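Raw contents of upload.pdb, PDB, C-alpha atoms, pLDDT in the B column:
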```
ATOM      1  CA  MET A   1       0.000   0.000   0.000  1.00 94.00           C
ATOM      2  CA  ILE A   2       1.144   3.509  -0.803  1.00 97.00           C
ATOM      3  CA  LEU A   3      -0.259   6.682   0.756  1.00 97.00           C
ATOM      4  CA  ASP A   4       0.407  10.040  -0.862  1.00 98.00           C
ATOM      5  CA  SER A   5      -1.294  13.074  -2.339  1.00 98.00           C
ATOM      6  CA  ILE A   6      -3.081  13.203  -5.663  1.00 98.00           C
ATOM      7  CA  LYS A   7      -0.724  16.015  -6.717  1.00 97.00           C
ATOM      8  CA  SER A   8       2.235  13.637  -6.264  1.00 97.00           C
ATOM      9  CA  PHE A   9       0.861  10.826  -8.456  1.00 98.00           C
ATOM     10  CA  GLU A  10       3.205  11.712 -11.327  1.00 97.00           C
ATOM     11  CA  LYS A  11       6.064   9.908  -9.547  1.00 97.00           C
ATOM     12  CA  TYR A  12       4.074   6.643  -9.689  1.00 97.00           C
ATOM     13  CA  LYS A  13       3.093   6.753 -13.368  1.00 96.00           C
ATOM     14  CA  ASN A  14       5.751   4.147 -14.264  1.00 96.00           C
ATOM     15  CA  LEU A  15       5.190   1.927 -11.224  1.00 96.00           C
ATOM     16  CA  ALA A  16       2.751  -0.414 -12.967  1.00 96.00           C
ATOM     17  CA  GLU A  17       1.329  -0.786 -16.449  1.00 96.00           C
ATOM     18  CA  GLY A  18      -1.674   1.512 -16.787  1.00 97.00           C
ATOM     19  CA  PHE A  19      -0.575   4.006 -14.119  1.00 98.00           C
ATOM     20  CA  ASP A  20       0.498   6.406 -16.874  1.00 98.00           C
ATOM     21  CA  LYS A  21      -3.111   6.400 -18.100  1.00 98.00           C
ATOM     22  CA  VAL A  22      -4.357   7.083 -14.567  1.00 98.00           C
ATOM     23  CA  TYR A  23      -1.978  10.047 -14.412  1.00 98.00           C
ATOM     24  CA  LYS A  24      -3.280  11.453 -17.712  1.00 98.00           C
ATOM     25  CA  PHE A  25      -6.865  11.151 -16.426  1.00 98.00           C
ATOM     26  CA  ILE A  26      -5.955  12.892 -13.160  1.00 98.00           C
ATOM     27  CA  CYS A  27      -4.517  15.767 -15.223  1.00 97.00           C
ATOM     28  CA  SER A  28      -7.649  15.989 -17.401  1.00 96.00           C
ATOM     29  CA  LYS A  29     -10.786  18.079 -16.953  1.00 95.00           C
ATOM     30  CA  GLU A  30     -12.776  14.865 -16.481  1.00 94.00           C
ATOM     31  CA  PHE A  31     -11.152  14.331 -13.073  1.00 97.00           C
ATOM     32  CA  SER A  32     -13.593  16.396 -11.031  1.00 95.00           C
ATOM     33  CA  PRO A  33     -16.051  15.803  -8.177  1.00 95.00           C
ATOM     34  CA  GLU A  34     -18.819  17.077 -10.463  1.00 95.00           C
ATOM     35  CA  ASN A  35     -18.072  14.418 -13.080  1.00 96.00           C
ATOM     36  CA  GLU A  36     -19.654  11.470 -11.273  1.00 97.00           C
ATOM     37  CA  GLY A  37     -19.952   8.083 -12.926  1.00 97.00           C
ATOM     38  CA  ARG A  38     -17.798   5.447 -14.542  1.00 97.00           C
ATOM     39  CA  HIS A  39     -15.038   6.596 -16.888  1.00 97.00           C
ATOM     40  CA  GLU A  40     -13.490   4.119 -19.320  1.00 97.00           C
ATOM     41  CA  ILE A  41      -9.812   4.994 -19.605  1.00 97.00           C
ATOM     42  CA  ASP A  42      -8.511   1.832 -21.305  1.00 97.00           C
ATOM     43  CA  GLY A  43     -11.497  -0.476 -21.504  1.00 95.00           C
ATOM     44  CA  LYS A  44     -11.516  -3.066 -18.708  1.00 94.00           C
ATOM     45  CA  LYS A  45      -7.779  -2.604 -18.154  1.00 97.00           C
ATOM     46  CA  VAL A  46      -8.038   0.851 -16.569  1.00 98.00           C
ATOM     47  CA  TYR A  47     -11.190   2.645 -15.469  1.00 98.00           C
ATOM     48  CA  CYS A  48     -12.361   5.059 -12.817  1.00 98.00           C
ATOM     49  CA  THR A  49     -15.564   5.568 -10.892  1.00 98.00           C
ATOM     50  CA  ILE A  50     -16.191   8.975  -9.344  1.00 98.00           C
ATOM     51  CA  GLY A  51     -19.010   9.235  -6.869  1.00 97.00           C
ATOM     52  CA  ARG A  52     -20.504  10.456  -3.646  1.00 97.00           C
ATOM     53  CA  GLN A  53     -20.537   7.697  -1.035  1.00 97.00           C
ATOM     54  CA  ARG A  54     -21.967   7.396   2.463  1.00 98.00           C
ATOM     55  CA  LEU A  55     -19.495   6.432   5.121  1.00 98.00           C
ATOM     56  CA  ARG A  56     -20.202   3.654   7.625  1.00 97.00           C
ATOM     57  CA  ASP A  57     -19.359   2.539  11.097  1.00 97.00           C
ATOM     58  CA  VAL A  58     -16.219   0.430  11.465  1.00 96.00           C
ATOM     59  CA  THR A  59     -18.377  -2.557  12.501  1.00 95.00           C
ATOM     60  CA  ASN A  60     -20.085  -2.438   9.080  1.00 95.00           C
ATOM     61  CA  ALA A  61     -16.871  -2.202   7.039  1.00 96.00           C
ATOM     62  CA  PRO A  62     -15.497  -5.672   6.301  1.00 96.00           C
ATOM     63  CA  LEU A  63     -12.029  -6.208   4.914  1.00 98.00           C
ATOM     64  CA  GLU A  64     -12.045  -6.863   1.177  1.00 97.00           C
ATOM     65  CA  THR A  65      -9.454  -8.096  -1.292  1.00 97.00           C
ATOM     66  CA  HIS A  66      -8.974  -8.071  -5.053  1.00 96.00           C
ATOM     67  CA  ASP A  67      -6.974 -10.463  -7.219  1.00 96.00           C
ATOM     68  CA  SER A  68      -6.997  -8.861 -10.656  1.00 96.00           C
ATOM     69  CA  TYR A  69      -6.889  -5.121 -10.031  1.00 97.00           C
ATOM     70  CA  ILE A  70      -4.884  -2.545  -8.126  1.00 98.00           C
ATOM     71  CA  ASP A  71      -7.176   0.051  -6.516  1.00 98.00           C
ATOM     72  CA  ILE A  72      -6.297   3.713  -6.349  1.00 98.00           C
ATOM     73  CA  HIS A  73      -8.593   5.553  -3.926  1.00 98.00           C
ATOM     74  CA  ALA A  74      -8.444   9.345  -4.411  1.00 98.00           C
ATOM     75  CA  ILE A  75     -10.390  11.573  -2.013  1.00 98.00           C
ATOM     76  CA  LEU A  76     -11.946  14.555  -3.804  1.00 98.00           C
ATOM     77  CA  SER A  77     -14.065  15.878  -0.932  1.00 97.00           C
ATOM     78  CA  GLY A  78     -14.369  14.936   2.737  1.00 98.00           C
ATOM     79  CA  THR A  79     -12.419  12.564   4.958  1.00 98.00           C
ATOM     80  CA  GLU A  80     -12.419   8.760   4.924  1.00 98.00           C
ATOM     81  CA  THR A  81     -10.831   6.197   7.199  1.00 98.00           C
ATOM     82  CA  ILE A  82      -9.565   2.985   5.591  1.00 98.00           C
ATOM     83  CA  GLY A  83      -8.544  -0.099   7.547  1.00 98.00           C
ATOM     84  CA  PHE A  84      -5.632  -2.229   6.302  1.00 97.00           C
ATOM     85  CA  LYS A  85      -4.214  -5.680   6.958  1.00 97.00           C
ATOM     86  CA  ASP A  86      -1.566  -7.700   5.160  1.00 97.00           C
ATOM     87  CA  ARG A  87      -3.503 -10.262   3.131  1.00 97.00           C
ATOM     88  CA  SER A  88      -0.987 -12.995   3.967  1.00 96.00           C
ATOM     89  CA  LEU A  89      -2.052 -12.669   7.624  1.00 96.00           C
ATOM     90  CA  CYS A  90      -5.740 -13.176   6.826  1.00 96.00           C
ATOM     91  CA  ASN A  91      -7.601 -16.453   7.064  1.00 93.00           C
ATOM     92  CA  LEU A  92      -9.120 -16.954   3.603  1.00 92.00           C
ATOM     93  CA  GLU A  93     -10.526 -20.414   4.242  1.00 91.00           C
ATOM     94  CA  GLY A  94     -14.180 -20.533   3.212  1.00 91.00           C
ATOM     95  CA  VAL A  95     -14.124 -16.986   1.811  1.00 94.00           C
ATOM     96  CA  LYS A  96     -16.040 -16.683  -1.457  1.00 94.00           C
ATOM     97  CA  TYR A  97     -14.269 -14.797  -4.230  1.00 94.00           C
ATOM     98  CA  ASP A  98     -16.452 -13.216  -6.937  1.00 95.00           C
ATOM     99  CA  GLU A  99     -14.376 -13.424 -10.134  1.00 92.00           C
ATOM    100  CA  VAL A 100     -16.726 -11.193 -12.126  1.00 92.00           C
ATOM    101  CA  SER A 101     -16.534  -8.328  -9.608  1.00 94.00           C
ATOM    102  CA  ASP A 102     -12.972  -9.191  -8.517  1.00 96.00           C
ATOM    103  CA  ILE A 103     -13.807  -8.982  -4.844  1.00 96.00           C
ATOM    104  CA  ALA A 104     -13.902 -11.112  -1.736  1.00 96.00           C
ATOM    105  CA  PHE A 105     -15.247  -9.936   1.613  1.00 97.00           C
ATOM    106  CA  LEU A 106     -13.427 -11.460   4.540  1.00 97.00           C
ATOM    107  CA  ASP A 107     -15.073 -12.838   7.659  1.00 94.00           C
ATOM    108  CA  LYS A 108     -16.093 -10.279  10.303  1.00 91.00           C
ATOM    109  CA  ASP A 109     -13.538 -11.851  12.656  1.00 91.00           C
ATOM    110  CA  GLU A 110     -10.806 -10.524  10.362  1.00 95.00           C
ATOM    111  CA  ILE A 111     -10.161  -6.962  11.456  1.00 96.00           C
ATOM    112  CA  PRO A 112      -7.666  -4.382  10.199  1.00 97.00           C
ATOM    113  CA  ASP A 113      -4.306  -4.029  11.933  1.00 97.00           C
ATOM    114  CA  ASN A 114      -4.120  -0.329  11.060  1.00 96.00           C
ATOM    115  CA  TYR A 115      -6.491   2.525  10.278  1.00 97.00           C
ATOM    116  CA  LEU A 116      -5.531   5.541   8.195  1.00 96.00           C
ATOM    117  CA  SER A 117      -7.428   8.741   7.658  1.00 97.00           C
ATOM    118  CA  LEU A 118      -7.405  10.182   4.150  1.00 98.00           C
ATOM    119  CA  GLY A 119      -8.513  13.761   3.590  1.00 97.00           C
ATOM    120  CA  GLU A 120      -9.290  15.755   0.499  1.00 97.00           C
ATOM    121  CA  GLY A 121      -6.394  15.491  -1.939  1.00 98.00           C
ATOM    122  CA  ASN A 122      -5.001  12.244  -0.494  1.00 98.00           C
ATOM    123  CA  LEU A 123      -4.800   8.893  -2.229  1.00 97.00           C
ATOM    124  CA  ALA A 124      -4.105   5.291  -1.334  1.00 98.00           C
ATOM    125  CA  ILE A 125      -2.727   2.760  -3.816  1.00 98.00           C
ATOM    126  CA  VAL A 126      -4.005  -0.632  -2.686  1.00 98.00           C
ATOM    127  CA  PHE A 127      -2.380  -3.763  -4.096  1.00 97.00           C
ATOM    128  CA  PRO A 128      -3.871  -7.285  -4.129  1.00 96.00           C
ATOM    129  CA  SER A 129      -1.614  -8.095  -1.160  1.00 95.00           C
ATOM    130  CA  ASP A 130      -3.488  -5.463   0.893  1.00 97.00           C
ATOM    131  CA  ALA A 131      -6.773  -6.382   2.526  1.00 98.00           C
ATOM    132  CA  HIS A 132      -8.638  -3.129   3.088  1.00 98.00           C
ATOM    133  CA  ALA A 133     -11.845  -1.829   4.653  1.00 98.00           C
ATOM    134  CA  PRO A 134     -12.852   1.417   2.931  1.00 98.00           C
ATOM    135  CA  LEU A 135     -15.578   3.970   3.617  1.00 98.00           C
ATOM    136  CA  ILE A 136     -15.263   4.213   7.398  1.00 98.00           C
ATOM    137  CA  GLY A 137     -16.406   7.440   9.040  1.00 98.00           C
ATOM    138  CA  GLU A 138     -19.422   9.709   9.341  1.00 97.00           C
ATOM    139  CA  GLY A 139     -21.290  11.582   6.649  1.00 97.00           C
ATOM    140  CA  GLU A 140     -20.274  11.236   3.039  1.00 97.00           C
ATOM    141  CA  ILE A 141     -17.320  11.775   0.744  1.00 98.00           C
ATOM    142  CA  VAL A 142     -16.682  12.200  -2.946  1.00 98.00           C
ATOM    143  CA  LYS A 143     -13.944   9.909  -4.166  1.00 98.00           C
ATOM    144  CA  ALA A 144     -12.513   8.460  -7.310  1.00 98.00           C
ATOM    145  CA  VAL A 145     -11.599   4.798  -7.376  1.00 98.00           C
ATOM    146  CA  PHE A 146      -9.316   3.769 -10.209  1.00 98.00           C
ATOM    147  CA  LYS A 147      -9.052   0.093 -11.132  1.00 98.00           C
ATOM    148  CA  VAL A 148      -5.844  -0.980 -12.882  1.00 98.00           C
ATOM    149  CA  ARG A 149      -5.768  -4.569 -14.134  1.00 97.00           C
ATOM    150  CA  ILE A 150      -2.722  -6.703 -13.445  1.00 94.00           C
ATOM    151  CA  GLU A 151      -2.220  -9.830 -15.492  1.00 80.00           C
ATOM    152  CA  ASN A 152       0.144 -12.036 -13.512  1.00 64.00           C
ATOM    153  CA  ASN A 153      -1.389 -12.069 -10.096  1.00 52.00           C
ATOM    154  CA  LEU A 154      -3.819 -14.936  -9.563  1.00 47.00           C
ATOM    155  CA  GLU A 155      -1.352 -17.734  -8.817  1.00 47.00           C
ATOM    156  CA  GLU A 156       1.052 -15.448  -7.014  1.00 49.00           C
ATOM    157  CA  GLN A 157      -1.334 -14.247  -4.326  1.00 46.00           C
ATOM    158  CA  ALA A 158      -0.016 -14.499  -0.792  1.00 42.00           C
ATOM    159  CA  GLY A 159      -3.229 -16.205   0.290  1.00 46.00           C
ATOM    160  CA  LYS A 160      -4.862 -18.482  -2.258  1.00 52.00           C
ATOM    161  CA  TRP A 161      -8.592 -19.101  -2.039  1.00 45.00           C
ATOM    162  CA  LYS A 162      -9.532 -22.199  -0.101  1.00 45.00           C
ATOM    163  CA  GLU A 163     -12.987 -23.691  -0.153  1.00 43.00           C
TER     164      GLU A 163
END
```
Written as structure tokens, that's how I'd like the structure from this file.
Amino acid sequence: MILDSIKSFEKYKNLAEGFDKVYKFICSKEFSPENEGRHEIDGKKVYCTIGRQRLRDVTNAPLETHDSYIDIHAILSGTETIGFKDRSLCNLEGVKYDEVSDIAFLDKDEIPDNYLSLGEGNLAIVFPSDAHAPLIGEGEIVKAVFKVRIENNLEEQAGKWKE
């Protein structure tokens, strides 16, 4: 996981394939709290959803993981707390992974080891090795969530799905 500011994203544009396209979108006029909705940047390889979201109590924010995409959470308005835990430390036995949505919600007994507060202008780059619990807090925020597809990840995951 990487925490930084949106203004500093340029230094990450070569970190992973598709990050350069995220950077170009961030620099565009489309990257605005008023421009809610899904934005296709490179088909299913790179896209962004901008929207207003209600925050929730920590007890209603389960850890989630992704296998096929890196998430980039960019806060455009408000403050959000996100919980984090190293995926390799999570018990994935019996957890159902939805391949179509690329998401698995961990058991409620799995709780974050750390909580970080992200304010307007902050971003978090969340890798498949990071279990995370987003949208914790009170009120609502406007955020952009970029999804950047990675091709070589499924067999390399720290915790493979067990059923």
Check your understanding: the PyMOL selection byres ((chain A and resi 64) around 7) on the file shown: which residues, as number ranges by chain?
Key -> A: 62-63, 65, 103-106, 131-133
**Study point:** Selection dump of the PyMOL selection byres ((chain A and resi 86-95) around 12), as a PyMOL selection string
**Key:** chain A and resi 1+63-67+83-85+96-98+103-114+126-133+156-163
Check your understanding: Using all atoms listed in the file, which of the listed residues (A:Ala61, A:Ile41, A:Val100, A:Ile82) sits closest to Ala124 (chain A)?
Key ->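 Smallest distance to Ala124 (chain A) is found for A:Ile82.
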Review point. Any chance you could work out the residue set of the PyMOL selection byres ((chain A and resi 4) around 10) here, as a list in words?
Key: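 Output from the PyMOL selection byres ((chain A and resi 4) around 10), applied to this file: Ile2, Leu3, Ser5, Ile6, Lys7, Ser8, Phe9, Ala74, Leu118, Gly121, Asn122, Leu123, Ala124 and Ile125 of chain A.
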Point to revise | Residue neighbourhood Arg56 (chain A), 8 Å, only C-alpha atoms, exclusion window fewer than 4 positions, as a list in words | key: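 The filter keeps Asn60, Ala61, Leu135, Ile136, Gly137 and Glu138 of chain A.
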Exercise for review: Please identify all polymer residues within 12 Å of Gly43 (chain A), counting all atoms listed in the file, omitting same-chain residues fewer than 5 positions from it, and present them as a count of residues only.
Suggested key: 7
Practice item. Calculate how many Å separate CA of Glu140 (chain A) from CA of Asp20 (chain A), rounding to one decimal. Key: 29.2 Å
Review point. At what distance in Å, to one decimal, does CA of Gly37 (chain A) lie from CA of Thr79 (chain A)?
Key: 19.9 Å
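The space separating CA of Gln53 (chain A) from CA of Ser117 (chain A) comes to 15.8 Å.
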